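Asks: Sending over data.pdb (PDB, C-alpha atoms).
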MODEL        1
ATOM      1  CA  GLU A1036      37.915-235.478-114.690  1.00  0.00           C
ATOM      2  CA  LYS A1037      35.369-232.776-113.846  1.00  0.00           C
ATOM      3  CA  PRO A1038      34.676-230.015-116.370  1.00  0.00           C
ATOM      4  CA  GLU A1039      36.494-226.730-115.682  1.00  0.00           C
ATOM      5  CA  SER A1040      33.176-225.055-114.804  1.00  0.00           C
ATOM      6  CA  GLU A1041      32.806-227.489-111.905  1.00  0.00           C
ATOM      7  CA  GLN A1042      36.384-227.108-110.709  1.00  0.00           C
ATOM      8  CA  LYS A1043      36.726-223.341-110.665  1.00  0.00           C
ATOM      9  CA  GLY A1044      34.282-220.677-109.502  1.00  0.00           C
ATOM     10  CA  ILE A1045      32.900-218.503-112.278  1.00  0.00           C
ATOM     11  CA  ARG A1046      31.991-214.867-111.682  1.00  0.00           C
ATOM     12  CA  GLY A1047      28.330-213.997-112.108  1.00  0.00           C
ATOM     13  CA  SER A1048      27.300-211.665-114.908  1.00  0.00           C
ATOM     14  CA  ASP A1049      26.635-207.965-114.338  1.00  0.00           C
ATOM     15  CA  VAL A1050      23.096-206.589-114.214  1.00  0.00           C
ATOM     16  CA  TYR A1051      22.378-203.324-116.040  1.00  0.00           C
ATOM     17  CA  THR A1052      19.757-200.687-115.333  1.00  0.00           C
ATOM     18  CA  THR A1053      19.108-197.024-116.151  1.00  0.00           C
ATOM     19  CA  VAL A1054      18.106-194.266-113.741  1.00  0.00           C
ATOM     20  CA  GLU A1055      16.770-190.918-114.951  1.00  0.00           C
ATOM     21  CA  ILE A1056      17.330-187.824-112.825  1.00  0.00           C
ATOM     22  CA  THR A1057      16.498-184.135-113.177  1.00  0.00           C
ATOM     23  CA  PHE A1058      18.927-181.406-114.171  1.00  0.00           C
ATOM     24  CA  GLU A1059      18.848-180.076-110.606  1.00  0.00           C
ATOM     25  CA  GLU A1060      19.546-183.522-109.133  1.00  0.00           C
ATOM     26  CA  SER A1061      22.565-183.933-111.397  1.00  0.00           C
ATOM     27  CA  ILE A1062      24.082-180.754-109.966  1.00  0.00           C
ATOM     28  CA  LEU A1063      23.065-181.096-106.317  1.00  0.00           C
ATOM     29  CA  GLY A1064      23.256-184.893-105.987  1.00  0.00           C
ATOM     30  CA  CYS A1065      20.426-187.049-104.685  1.00  0.00           C
ATOM     31  CA  ARG A1066      19.359-190.451-103.391  1.00  0.00           C
ATOM     32  CA  LYS A1067      17.178-192.747-105.461  1.00  0.00           C
ATOM     33  CA  GLU A1068      15.359-196.000-104.734  1.00  0.00           C
ATOM     34  CA  ILE A1069      15.627-198.473-107.591  1.00  0.00           C
ATOM     35  CA  THR A1070      14.102-201.891-108.200  1.00  0.00           C
ATOM     36  CA  VAL A1071      16.100-204.509-110.103  1.00  0.00           C
ATOM     37  CA  GLN A1072      16.008-208.237-110.713  1.00  0.00           C
ATOM     38  CA  HIS A1073      19.032-210.506-110.485  1.00  0.00           C
ATOM     39  CA  GLU A1074      19.817-214.164-109.877  1.00  0.00           C
ATOM     40  CA  GLU A1075      20.335-215.585-106.411  1.00  0.00           C
ATOM     41  CA  ILE A1076      21.210-219.086-105.225  1.00  0.00           C
ATOM     42  CA  CYS A1077      18.088-221.234-104.998  1.00  0.00           C
ATOM     43  CA  PRO A1078      17.307-222.610-101.521  1.00  0.00           C
ATOM     44  CA  CYS A1079      17.521-226.111-103.005  1.00  0.00           C
ATOM     45  CA  SER A1080      21.276-225.669-103.413  1.00  0.00           C
ATOM     46  CA  LYS A1081      21.780-225.714 -99.655  1.00  0.00           C
ATOM     47  CA  GLU A1082      22.751-229.099 -98.238  1.00  0.00           C
ATOM     48  CA  GLU A1083      19.719-229.351 -95.978  1.00  0.00           C
ATOM     49  CA  ASN A1084      17.353-228.521 -98.853  1.00  0.00           C
ATOM     50  CA  ARG A1085      19.044-230.503-101.617  1.00  0.00           C
ATOM     51  CA  THR A1086      16.666-232.204-104.034  1.00  0.00           C
ATOM     52  CA  ASP A1087      16.873-233.805-107.456  1.00  0.00           C
ATOM     53  CA  ASN A1088      13.661-232.222-108.685  1.00  0.00           C
ATOM     54  CA  CYS A1089      13.359-228.549-107.682  1.00  0.00           C
ATOM     55  CA  THR A1090      10.241-226.873-109.028  1.00  0.00           C
ATOM     56  CA  ILE A1091      11.539-223.417-108.070  1.00  0.00           C
ATOM     57  CA  CYS A1092      14.660-223.298-110.233  1.00  0.00           C
ATOM     58  CA  ASN A1093      14.151-226.368-112.456  1.00  0.00           C
ATOM     59  CA  ASN A1094      17.408-227.757-111.052  1.00  0.00           C
ATOM     60  CA  THR A1095      19.506-224.808-112.281  1.00  0.00           C
ATOM     61  CA  GLY A1096      20.483-223.864-108.740  1.00  0.00           C
ATOM     62  CA  LYS A1097      19.583-220.215-109.402  1.00  0.00           C
ATOM     63  CA  VAL A1098      16.404-218.199-109.082  1.00  0.00           C
ATOM     64  CA  LEU A1099      15.481-214.699-110.303  1.00  0.00           C
ATOM     65  CA  LYS A1100      14.454-212.359-107.493  1.00  0.00           C
ATOM     66  CA  LYS A1101      13.426-208.716-107.195  1.00  0.00           C
ATOM     67  CA  PHE A1102      15.489-206.372-105.010  1.00  0.00           C
ATOM     68  CA  ILE A1103      15.140-202.743-103.923  1.00  0.00           C
ATOM     69  CA  TYR A1104      18.273-200.668-103.396  1.00  0.00           C
ATOM     70  CA  GLU A1105      18.777-197.072-102.322  1.00  0.00           C
ATOM     71  CA  ILE A1106      21.627-195.492-104.251  1.00  0.00           C
ATOM     72  CA  SER A1107      23.514-192.247-103.717  1.00  0.00           C
ATOM     73  CA  ILE A1108      24.073-190.173-106.856  1.00  0.00           C
ATOM     74  CA  PRO A1109      26.989-187.745-106.417  1.00  0.00           C
ATOM     75  CA  ARG A1110      26.914-184.033-107.163  1.00  0.00           C
ATOM     76  CA  GLY A1111      28.001-182.986-110.618  1.00  0.00           C
ATOM     77  CA  ILE A1112      27.288-186.274-112.371  1.00  0.00           C
ATOM     78  CA  PHE A1113      26.997-186.179-116.158  1.00  0.00           C
ATOM     79  CA  SER A1114      24.407-187.873-118.344  1.00  0.00           C
ATOM     80  CA  GLY A1115      25.832-191.201-119.480  1.00  0.00           C
ATOM     81  CA  GLN A1116      28.057-191.721-116.464  1.00  0.00           C
ATOM     82  CA  VAL A1117      27.927-195.137-114.822  1.00  0.00           C
ATOM     83  CA  LEU A1118      27.728-196.111-111.145  1.00  0.00           C
ATOM     84  CA  LYS A1119      28.547-199.634-109.936  1.00  0.00           C
ATOM     85  CA  ILE A1120      27.391-201.501-106.852  1.00  0.00           C
ATOM     86  CA  LYS A1121      29.773-204.379-106.314  1.00  0.00           C
ATOM     87  CA  GLY A1122      28.312-207.826-105.777  1.00  0.00           C
ATOM     88  CA  LYS A1123      24.706-206.885-106.580  1.00  0.00           C
ATOM     89  CA  GLY A1124      24.639-208.584-109.977  1.00  0.00           C
ATOM     90  CA  ASN A1125      23.895-212.201-110.825  1.00  0.00           C
ATOM     91  CA  VAL A1126      25.171-214.909-108.499  1.00  0.00           C
ATOM     92  CA  GLY A1127      28.438-216.646-109.326  1.00  0.00           C
ATOM     93  CA  ILE A1128      28.798-220.333-110.224  1.00  0.00           C
ATOM     94  CA  ASN A1129      30.616-222.859-108.024  1.00  0.00           C
ATOM     95  CA  GLY A1130      31.457-220.265-105.414  1.00  0.00           C
ATOM     96  CA  GLY A1131      32.507-217.577-107.894  1.00  0.00           C
ATOM     97  CA  GLU A1132      31.898-213.964-106.885  1.00  0.00           C
ATOM     98  CA  ASN A1133      28.691-212.201-107.823  1.00  0.00           C
ATOM     99  CA  GLY A1134      28.535-209.777-110.707  1.00  0.00           C
ATOM    100  CA  ASP A1135      27.971-206.062-110.201  1.00  0.00           C
ATOM    101  CA  LEU A1136      24.923-203.839-110.572  1.00  0.00           C
ATOM    102  CA  VAL A1137      25.766-201.304-113.292  1.00  0.00           C
ATOM    103  CA  ILE A1138      23.652-198.135-113.247  1.00  0.00           C
ATOM    104  CA  ASN A1139      23.580-195.826-116.250  1.00  0.00           C
ATOM    105  CA  ILE A1140      22.631-192.258-115.268  1.00  0.00           C
ATOM    106  CA  GLN A1141      20.541-190.226-117.691  1.00  0.00           C
ATOM    107  CA  VAL A1142      19.911-186.535-116.969  1.00  0.00           C
ATOM    108  CA  LYS A1143      16.702-184.974-118.236  1.00  0.00           C
ATOM    109  CA  GLN A1144      17.243-181.873-120.317  1.00  0.00           C
ATOM    110  CA  LYS A1145      15.923-178.646-118.830  1.00  0.00           C
ATOM    111  CA  LYS A1146      14.658-175.984-121.190  1.00  0.00           C
ATOM    112  CA  GLY A1147      17.015-173.041-121.479  1.00  0.00           C
ATOM    113  CA  PHE A1148      19.918-174.712-119.651  1.00  0.00           C
ATOM    114  CA  VAL A1149      23.163-176.153-121.028  1.00  0.00           C
ATOM    115  CA  ARG A1150      25.960-177.555-118.890  1.00  0.00           C
ATOM    116  CA  THR A1151      29.632-177.165-119.836  1.00  0.00           C
ATOM    117  CA  ASP A1152      31.922-178.958-117.368  1.00  0.00           C
ATOM    118  CA  GLN A1153      31.590-177.097-114.047  1.00  0.00           C
ATOM    119  CA  ASP A1154      29.641-174.184-115.533  1.00  0.00           C
ATOM    120  CA  VAL A1155      26.013-173.799-116.573  1.00  0.00           C
ATOM    121  CA  VAL A1156      24.642-171.527-119.290  1.00  0.00           C
ATOM    122  CA  TYR A1157      21.081-170.250-119.079  1.00  0.00           C
ATOM    123  CA  TYR A1158      19.611-168.637-122.203  1.00  0.00           C
ATOM    124  CA  MET A1159      17.275-165.794-121.363  1.00  0.00           C
ATOM    125  CA  THR A1160      15.270-163.360-123.473  1.00  0.00           C
ATOM    126  CA  ILE A1161      14.654-159.830-122.230  1.00  0.00           C
ATOM    127  CA  SER A1162      12.595-157.004-123.652  1.00  0.00           C
ATOM    128  CA  PHE A1163      14.022-154.051-125.568  1.00  0.00           C
ATOM    129  CA  PRO A1164      13.211-151.547-122.775  1.00  0.00           C
ATOM    130  CA  GLN A1165      14.943-153.804-120.231  1.00  0.00           C
ATOM    131  CA  ALA A1166      18.028-153.936-122.460  1.00  0.00           C
ATOM    132  CA  VAL A1167      18.117-150.180-122.929  1.00  0.00           C
ATOM    133  CA  LEU A1168      17.461-149.160-119.331  1.00  0.00           C
ATOM    134  CA  GLY A1169      18.664-152.165-117.363  1.00  0.00           C
ATOM    135  CA  ALA A1170      16.590-154.241-114.980  1.00  0.00           C
ATOM    136  CA  VAL A1171      16.625-156.674-112.071  1.00  0.00           C
ATOM    137  CA  ILE A1172      15.240-159.998-113.258  1.00  0.00           C
ATOM    138  CA  ASN A1173      14.497-163.297-111.527  1.00  0.00           C
ATOM    139  CA  VAL A1174      16.672-166.085-112.942  1.00  0.00           C
ATOM    140  CA  PRO A1175      16.180-169.796-112.177  1.00  0.00           C
ATOM    141  CA  THR A1176      19.197-171.849-111.060  1.00  0.00           C
ATOM    142  CA  ALA A1177      19.663-175.355-109.684  1.00  0.00           C
ATOM    143  CA  TYR A1178      19.871-173.736-106.240  1.00  0.00           C
ATOM    144  CA  GLY A1179      16.664-171.735-106.584  1.00  0.00           C
ATOM    145  CA  THR A1180      15.647-168.408-108.105  1.00  0.00           C
ATOM    146  CA  VAL A1181      18.052-165.476-107.742  1.00  0.00           C
ATOM    147  CA  ASN A1182      18.018-161.822-108.745  1.00  0.00           C
ATOM    148  CA  CYS A1183      20.174-160.908-111.711  1.00  0.00           C
ATOM    149  CA  GLU A1184      21.008-157.281-112.474  1.00  0.00           C
ATOM    150  CA  ILE A1185      20.887-156.491-116.179  1.00  0.00           C
ATOM    151  CA  PRO A1186      23.082-153.471-116.939  1.00  0.00           C
ATOM    152  CA  ALA A1187      21.712-150.738-119.178  1.00  0.00           C
ATOM    153  CA  GLY A1188      22.809-151.043-122.787  1.00  0.00           C
ATOM    154  CA  ILE A1189      23.438-154.794-122.741  1.00  0.00           C
ATOM    155  CA  LYS A1190      23.648-156.477-126.152  1.00  0.00           C
ATOM    156  CA  THR A1191      22.408-159.802-127.494  1.00  0.00           C
ATOM    157  CA  GLY A1192      25.011-162.508-126.905  1.00  0.00           C
ATOM    158  CA  GLU A1193      26.524-160.926-123.811  1.00  0.00           C
ATOM    159  CA  GLN A1194      26.772-163.119-120.731  1.00  0.00           C
ATOM    160  CA  LEU A1195      26.417-162.331-117.047  1.00  0.00           C
ATOM    161  CA  CYS A1196      28.033-164.550-114.401  1.00  0.00           C
ATOM    162  CA  LEU A1197      26.179-165.781-111.316  1.00  0.00           C
ATOM    163  CA  ALA A1198      29.137-166.911-109.199  1.00  0.00           C
ATOM    164  CA  GLY A1199      28.733-170.111-107.199  1.00  0.00           C
ATOM    165  CA  LYS A1200      25.623-171.244-109.083  1.00  0.00           C
ATOM    166  CA  GLY A1201      27.334-173.838-111.248  1.00  0.00           C
ATOM    167  CA  VAL A1202      28.581-177.347-110.476  1.00  0.00           C
ATOM    168  CA  ILE A1203      30.855-178.230-107.567  1.00  0.00           C
ATOM    169  CA  ASP A1204      34.148-180.006-108.203  1.00  0.00           C
ATOM    170  CA  GLU A1205      34.196-182.788-105.599  1.00  0.00           C
ATOM    171  CA  GLU A1206      38.010-182.916-105.630  1.00  0.00           C
ATOM    172  CA  THR A1207      38.784-179.212-105.228  1.00  0.00           C
ATOM    173  CA  GLY A1208      35.541-177.957-103.692  1.00  0.00           C
ATOM    174  CA  GLU A1209      35.357-175.163-106.252  1.00  0.00           C
ATOM    175  CA  VAL A1210      31.955-174.245-107.681  1.00  0.00           C
ATOM    176  CA  GLY A1211      31.435-173.082-111.249  1.00  0.00           C
ATOM    177  CA  CYS A1212      29.296-170.205-112.478  1.00  0.00           C
ATOM    178  CA  GLN A1213      25.914-169.998-114.084  1.00  0.00           C
ATOM    179  CA  TYR A1214      26.227-167.733-117.087  1.00  0.00           C
ATOM    180  CA  VAL A1215      23.128-165.880-118.226  1.00  0.00           C
ATOM    181  CA  ASN A1216      23.241-165.549-122.012  1.00  0.00           C
ATOM    182  CA  ILE A1217      21.154-162.601-123.144  1.00  0.00           C
ATOM    183  CA  THR A1218      18.888-162.371-126.181  1.00  0.00           C
ATOM    184  CA  ILE A1219      16.996-159.120-126.751  1.00  0.00           C
ATOM    185  CA  ASP A1220      13.473-159.340-128.092  1.00  0.00           C
ATOM    186  CA  ILE A1221      13.395-156.446-130.558  1.00  0.00           C
ATOM    187  CA  PRO A1222       9.958-155.852-132.091  1.00  0.00           C
ATOM    188  CA  LYS A1223       9.688-155.734-135.865  1.00  0.00           C
ATOM    189  CA  ILE A1224       9.476-152.159-137.122  1.00  0.00           C
ATOM    190  CA  GLU A1225       7.165-151.818-140.125  1.00  0.00           C
ATOM    191  CA  LYS A1226       5.839-148.284-139.789  1.00  0.00           C
ATOM    192  CA  THR A1227       6.416-145.034-137.932  1.00  0.00           C
ATOM    193  CA  GLU A1228       3.798-145.890-135.349  1.00  0.00           C
ATOM    194  CA  ASP A1229       5.848-148.963-134.329  1.00  0.00           C
ATOM    195  CA  ILE A1230       8.797-146.717-133.462  1.00  0.00           C
ATOM    196  CA  GLU A1231       6.538-144.461-131.401  1.00  0.00           C
ATOM    197  CA  ILE A1232       5.160-147.448-129.496  1.00  0.00           C
ATOM    198  CA  LEU A1233       8.683-148.750-128.799  1.00  0.00           C
ATOM    199  CA  LEU A1234       9.876-145.362-127.542  1.00  0.00           C
ATOM    200  CA  ARG A1235       6.782-145.088-125.367  1.00  0.00           C
ATOM    201  CA  GLN A1236       7.568-148.486-123.808  1.00  0.00           C
ATOM    202  CA  VAL A1237      11.090-147.335-123.011  1.00  0.00           C
ATOM    203  CA  GLN A1238       9.727-144.118-121.527  1.00  0.00           C
ATOM    204  CA  ASP A1239       7.226-146.028-119.390  1.00  0.00           C
ATOM    205  CA  LYS A1240       9.956-148.308-118.078  1.00  0.00           C
ATOM    206  CA  LEU A1241      12.131-145.301-117.321  1.00  0.00           C
ATOM    207  CA  TYR A1242       9.492-143.915-114.992  1.00  0.00           C
ATOM    208  CA  ASP A1243       8.841-147.355-113.486  1.00  0.00           C
ATOM    209  CA  LYS A1244      12.461-148.162-112.559  1.00  0.00           C
ATOM    210  CA  PRO A1245      13.669-150.227-110.803  1.00  0.00           C
ATOM    211  CA  VAL A1246      12.178-152.948-112.966  1.00  0.00           C
ATOM    212  CA  ASN A1247      11.302-156.360-111.509  1.00  0.00           C
ATOM    213  CA  ALA A1248      10.217-158.890-114.067  1.00  0.00           C
ATOM    214  CA  ASN A1249       9.861-162.630-114.246  1.00  0.00           C
ATOM    215  CA  ILE A1250      11.200-164.072-117.454  1.00  0.00           C
TER     216      ILE A1250
ENDMDL
END
Represent the structure contained in this file as structure tokens.
Replies:
Amino acid sequence: EKPESEQKGIRGSDVYTTVEITFEESILGCRKEITVQHEEICPCSKEENRTDNCTICNNTGKVLKKFIYEISIPRGIFSGQVLKIKGKGNVGINGGENGDLVINIQVKQKKGFVRTDQDVVYYMTISFPQAVLGAVINVPTAYGTVNCEIPAGIKTGEQLCLAGKGVIDEETGEVGCQYVNITIDIPKIEKTEDIEILLRQVQDKLYDKPVNANI
């Protein structure tokens, strides 16, 4: 009687790889070309090529080959999520189905940005005069740079919402916000002259309004 492995097809094993994408790509989605290696049936396994001494596969019936695939990475993917391409893993045995290609997605961290579900938080530092008087400041988002209006008298820890600049929910179509978390850079006051300098900066900004600054 033949061994079970010769009677019944055995599924091929999965092949694993990792793809690194940018913070922006994780929010907007992207296409990536990846190169992987997985087993395929050796030509010697075909009836017309059958041989008892194959130098390609050493009579294993399988050969390791390199393949290039273009994959689509959906919008809103998280770091650590897995994509699968069915049938692009190692070849099955005795007619068993091929394994899958399993792709682990890793998102590069972007300085100043933190994602929370469908929302994004951007941590931004502004000057004391900007906090006192208000300002219009350029803020980076995954969708490009936008103007953000800082109201006069804002405090450290307050957040401003940039609607529609977060992550889209593929099921509902709703888009989260990008929150701008404010930190005020308050100079250290050691002497009377420091207070005078600070007041002069506020006065200068008052005459210069509206303020446009790149942070």
Asks: Apply the PyMOL selection byres ((chain A and resi 1058) around 9) to the file shown and report the selected residues as a list of chain:residue names.
Replies: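 This file, filtered by the PyMOL selection byres ((chain A and resi 1058) around 9), leaves A:Ile1056, A:Thr1057, A:Glu1059, A:Glu1060, A:Ser1061, A:Ile1062, A:Leu1063, A:Val1142, A:Lys1143, A:Gln1144, A:Lys1145, A:Phe1148, A:Ala1177.
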Asks: Taking the file as shown, what set of residues would the PyMOL selection byres ((chain A and resi 1176) around 10) give back, as number ranges by chain?
Replies: A: 1059, 1148, 1155-1157, 1173-1175, 1177-1181, 1197, 1200-1201, 1213
Asks: What's around Lys1190 in chain A at 12 Å? Count only C-alpha atoms, leave out sequence neighbours fewer than 6 positions away in its own chain, and write the answer as a PyMOL selection string.
Replies: chain A and resi 1160-1163+1165-1169+1216-1221
Asks: Which residues would end up in the selection if the PyMOL selection byres ((chain A and resi 1118) around 9) were applied here, given that I need the answer as a PDB file with C-alpha atoms, in the frame of the given file?
Replies:
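Saved as selection-v9.pdb:
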ATOM      1  CA  ILE A1108      24.073-190.173-106.856  1.00  0.00           C
ATOM      2  CA  GLN A1116      28.057-191.721-116.464  1.00  0.00           C
ATOM      3  CA  VAL A1117      27.927-195.137-114.822  1.00  0.00           C
ATOM      4  CA  LYS A1119      28.547-199.634-109.936  1.00  0.00           C
ATOM      5  CA  ILE A1120      27.391-201.501-106.852  1.00  0.00           C
ATOM      6  CA  LEU A1136      24.923-203.839-110.572  1.00  0.00           C
ATOM      7  CA  VAL A1137      25.766-201.304-113.292  1.00  0.00           C
ATOM      8  CA  ILE A1138      23.652-198.135-113.247  1.00  0.00           C
ATOM      9  CA  ASN A1139      23.580-195.826-116.250  1.00  0.00           C
ATOM     10  CA  ILE A1140      22.631-192.258-115.268  1.00  0.00           C
TER      11      ILE A1140
END
Asks: How big is the axis-aligned box around all listed atoms of range 1103-1119 of chain A once 3 Å goes on each side, and where's its centre, in Å to one decimal, as AutoDock Vina command-line options?
Replies:
--center_x 21.8 --center_y -192.9 --center_z -110.9 --size_x 19.4 --size_y 25.8 --size_z 23.2
Asks: How many Å separate CA of Gly1064 in chain A from CA of Lys1100 in chain A?
Replies: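 Spanning CA of Gly1064 in chain A to CA of Lys1100 in chain A is a straight-line distance of 28.9 Å.
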Asks: Go ahead and compute the interatomic distance for CA of Lys1097 in chain A and CA of Gly1131 in chain A, in Å to one decimal.
Replies: 13.3 Å
Asks: Name the residues in contact with Arg1046 in chain A at a cut-off of 8 Å, using all atoms listed in the file, excluding same-chain residues fewer than 3 positions from it; report them as a PDB file with C-alpha atoms, in the frame of the given file.
Replies:
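Full text of part.pdb as output:
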ATOM      1  CA  VAL A1126      25.171-214.909-108.499  1.00  0.00           C
ATOM      2  CA  GLY A1127      28.438-216.646-109.326  1.00  0.00           C
ATOM      3  CA  ILE A1128      28.798-220.333-110.224  1.00  0.00           C
ATOM      4  CA  GLY A1131      32.507-217.577-107.894  1.00  0.00           C
ATOM      5  CA  GLU A1132      31.898-213.964-106.885  1.00  0.00           C
ATOM      6  CA  ASN A1133      28.691-212.201-107.823  1.00  0.00           C
ATOM      7  CA  GLY A1134      28.535-209.777-110.707  1.00  0.00           C
TER       8      GLY A1134
END
Asks: Which residue out of A:Ile1203, A:Ile1172, A:Ile1106, A:Leu1099 has the minimum interatomic distance to Ile1069 in chain A when all atoms listed in the file are used?
Replies: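 The answer is A:Ile1106, which sits nearest to Ile1069 in chain A.
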Asks: Using all atoms listed in the file, determine which residues lie at most 7 Å from Cys1196 in chain A, disregarding the query and same-chain residues fewer than 2 positions distant; provide the list as a PyMOL selection string.
Replies: chain A and resi 1194+1198+1212-1215
Asks: Pick the closest to Thr1052 in chain A from A:Glu1075, A:Glu1193, A:Asp1135, A:Asp1152: which is it, counting only C-alpha atoms?
Replies: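 Closest to Thr1052 in chain A of all the choices is A:Asp1135.
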Asks: What does the distance between CA of Glu1206 in chain A and CA of Glu1068 in chain A come to in Å, to one decimal place?
Replies: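 Between CA of Glu1206 in chain A and CA of Glu1068 in chain A the gap works out to 26.2 Å.
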Asks: Between A:Asn1182, A:Glu1209, A:Lys1067, A:Glu1074, which one has atoms that come closest to Glu1055 in chain A, using all atoms listed in the file?
Replies: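 Answer, going by the shortest atom-to-atom distance: A:Lys1067.
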